[in-house]
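Q: Got a structure here, written out as structure tokens. Questions coming.
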Amino acid sequence: MSRFTAELGQGGALSTGLGLNVLTINMHMGFGVFNRRFILPELRDAVRKVSADVVFLQEVHGTQQAHARRWEHWPTTSQYEFLADSMWPAFAYGRNAVYPDGDHGNALLSKYPIVHHENLDASVHGTEQRGLLHCVLAVPGYGPVHAICVHLGLREGHRRQQLNLLMGLLARLPVSAPVIVAGDFNDWRLQADSLLAGSGLHEAFVQASGAPAKSFPARWPLLRLDRIYVRNATTHRPKVLTNRPWSHLSDHAPLAVEVRL
């Protein structure tokens, strides 16, 4: 049994096919819940213990010069490279927000080669810079697997436009190709499923228990903000990681699931 399987616990019988262990987390720029403590090294240790094959990250710094000057253990590489270390040989970054001291966006870490990636600008009227990071993974024996890392806006009107952009991207992908869409949808009003109707996606937690996972705030999850959707694949044993150390490493609780192709 893998450490990932042990973390998720026992469940029903699995379907045939390759299993990809997937983790998604809004990592809060590498700071604890109240921004008082730099926790990126602890976050790396926690992510490594899950042993996920593909990690979807939101709110990750590419560069941040002010923090590098202030925090003694700030990495000399980007945050996503620091997290990838020697465990995820492939990674991609989608820069969404740029400011004088640095930038941040979405990132994807993968144990499989990333043969192509692009970052779609999903910002609306120049506010709340957002993006959809689309990566194509080369999975031996299964062909291309499409992975889309999502971070949507805080305003419902913006999220609607961004979900339409996601629908357009999905419509351009091969009909039979496996697709994984994961990240922070900020969908506290639970509108995403109806807006994505017709896309062929199904959400892991909705499939398992009838509702998206409660993932925010991490210590006492009440709001259902984060999602893991798949198309042409099945999901098994989805879990919200609310125990320590996760409850103290971000304001969002990570979501984990096994995706079988």
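Order determines the names: the first chain of the structure tokens is A, the second B, and so forth; residues in each chain are numbered 1 upward, and ligands are numbered 1 upward as they are shown.
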So that I can see what lies close to stretch 219-225 of chain A, please list as a list in words the residues with an atom at most 8 Å from it, counting only C-alpha atoms and leaving out residues fewer than 4 positions away in the same chain.

A: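 Close residues of stretch 219-225 of chain A: Asp184, Phe185, Asn186, Asp187, Trp188, Leu190, Pro212, Ala213, Lys214, Ser215, Thr242, Ser247, His248, Asp251 and Ala253 of chain A.
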
Q: Show which residues sit within 10 Å of stretch 136-143 of chain A, as a PyMOL selection string. Count only C-alpha atoms, and ignore same-chain residues fewer than 2 positions away.

A: chain A and resi 17-18+20+54+90+110-118+134+145-148+177-179+261

Q: From the list A:Tyr229, A:Pro245, A:Leu201, A:Ser123, which residue is nearest A:Lys49 when using only C-alpha atoms?

A: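 Of all the options, A:Pro245 lies closest to A:Lys49.
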
Q: Which residues, written as a list of chain:residue names, have at least one atom at most 10 Å from A:Val206, with only C-alpha atoms counted and residues fewer than 3 positions away on the same chain left out?

A: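 Near A:Val206, the qualifying residues are A:Asp193, A:His202, A:Glu203, A:Ser209, A:Gly210, A:Ala211, A:Pro212, A:Ala213, A:Arg227, A:Ile228, A:Tyr229, A:Pro238.
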
Q: Looking only at alpha helix (DSSP H) from DSSP on the backbone, list the matching residues of stretch 51-201 of chain A as an MDAnalysis selection string.

A: chainID A and resid 65:70 79:84 156:172 192:195

Q: Write a file of the just-selected residues containing C-alpha atoms, as a tab-separated table (two decimals), in the first residue's frame.

A:
```tsv
chain	number	residue	atom	x	y	z
A	65	GLN	CA	12.34	39.94	-3.57
A	66	ALA	CA	10.92	41.63	-0.47
A	67	HIS	CA	10.17	38.31	1.24
A	68	ALA	CA	13.59	36.97	0.20
A	69	ARG	CA	15.22	39.86	2.05
A	70	ARG	CA	13.03	39.47	5.12
A	79	GLN	CA	8.58	28.22	-4.63
A	80	TYR	CA	7.36	25.59	-7.09
A	81	GLU	CA	10.92	24.44	-7.84
A	82	PHE	CA	11.61	24.29	-4.10
A	83	LEU	CA	8.56	22.09	-3.60
A	84	ALA	CA	9.33	19.92	-6.62
A	156	GLU	CA	-19.53	35.59	-8.93
A	157	GLY	CA	-19.75	37.49	-12.21
A	158	HIS	CA	-16.03	37.02	-12.76
A	159	ARG	CA	-16.23	33.32	-11.96
A	160	ARG	CA	-18.98	32.89	-14.54
A	161	GLN	CA	-16.79	34.41	-17.24
A	162	GLN	CA	-13.82	32.33	-16.13
A	163	LEU	CA	-15.85	29.13	-16.17
A	164	ASN	CA	-16.97	29.98	-19.70
A	165	LEU	CA	-13.29	30.31	-20.62
A	166	LEU	CA	-12.65	26.89	-19.06
A	167	MET	CA	-15.56	25.44	-21.04
A	168	GLY	CA	-14.04	26.85	-24.23
A	169	LEU	CA	-10.69	25.24	-23.41
A	170	LEU	CA	-12.34	21.89	-22.69
A	171	ALA	CA	-14.23	22.05	-25.98
A	172	ARG	CA	-10.91	22.31	-27.85
A	192	ALA	CA	-19.76	25.60	-10.82
A	193	ASP	CA	-21.42	22.24	-11.48
A	194	SER	CA	-24.43	23.76	-13.20
A	195	LEU	CA	-22.24	26.17	-15.20
```

Q: Would you mind writing down, as number ranges by chain, each residue of stretch 139-214 of chain A that DSSP on the backbone assigns to strand (DSSP E or B)?

A: A: 139, 143-151, 179-184, 202-203

Q: For the residues selected in the previous step, produce a file with N, CA and C atoms as a compact mmCIF listing (two decimals), in the first residue's frame.

A:
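Generated file (out_17.txt):
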```txt
# COMPACT_ATOMS: atom_id res chain seq x y z
N VAL A 139 1.86 10.21 -20.31
CA VAL A 139 1.75 9.06 -19.40
C VAL A 139 1.95 7.80 -20.22
N GLY A 143 -1.07 7.69 -23.37
CA GLY A 143 -1.10 8.87 -24.21
C GLY A 143 -1.20 10.15 -23.40
N PRO A 144 -1.57 11.25 -24.05
CA PRO A 144 -1.63 12.55 -23.37
C PRO A 144 -2.76 12.60 -22.33
N VAL A 145 -2.43 13.15 -21.17
CA VAL A 145 -3.41 13.44 -20.11
C VAL A 145 -3.37 14.95 -19.89
N HIS A 146 -4.53 15.58 -19.95
CA HIS A 146 -4.61 17.03 -19.81
C HIS A 146 -4.90 17.39 -18.35
N ALA A 147 -4.08 18.27 -17.79
CA ALA A 147 -4.24 18.72 -16.41
C ALA A 147 -4.38 20.24 -16.41
N ILE A 148 -5.45 20.75 -15.81
CA ILE A 148 -5.74 22.18 -15.81
C ILE A 148 -5.83 22.65 -14.37
N CYS A 149 -4.92 23.54 -13.99
CA CYS A 149 -4.88 24.09 -12.63
C CYS A 149 -5.63 25.42 -12.62
N VAL A 150 -6.60 25.54 -11.74
CA VAL A 150 -7.58 26.62 -11.77
C VAL A 150 -7.50 27.46 -10.49
N HIS A 151 -7.59 28.78 -10.65
CA HIS A 151 -7.83 29.68 -9.52
C HIS A 151 -8.76 30.78 -10.01
N VAL A 179 -8.90 14.07 -18.77
CA VAL A 179 -8.73 15.45 -18.33
C VAL A 179 -8.91 15.50 -16.81
N ILE A 180 -8.02 16.23 -16.14
CA ILE A 180 -8.14 16.50 -14.71
C ILE A 180 -8.14 18.01 -14.53
N VAL A 181 -9.16 18.54 -13.87
CA VAL A 181 -9.26 19.98 -13.59
C VAL A 181 -9.33 20.14 -12.08
N ALA A 182 -8.40 20.87 -11.49
CA ALA A 182 -8.38 20.98 -10.03
C ALA A 182 -7.90 22.35 -9.61
N GLY A 183 -8.34 22.76 -8.42
CA GLY A 183 -7.85 24.02 -7.87
C GLY A 183 -8.88 24.72 -7.01
N ASP A 184 -8.62 26.00 -6.82
CA ASP A 184 -9.45 26.87 -5.98
C ASP A 184 -10.48 27.57 -6.87
N HIS A 202 -16.96 15.36 -14.18
CA HIS A 202 -17.64 15.07 -12.92
C HIS A 202 -16.68 15.35 -11.78
N GLU A 203 -17.24 15.80 -10.65
CA GLU A 203 -16.42 16.23 -9.52
C GLU A 203 -16.27 15.08 -8.52
```

Q: For atom CA of A:Thr76 and atom CA of A:Gly102, quote the distance in Å rounded to one decimal.

A: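 If I compute the distance from atom CA of A:Thr76 to atom CA of A:Gly102, I get 13.4 Å.
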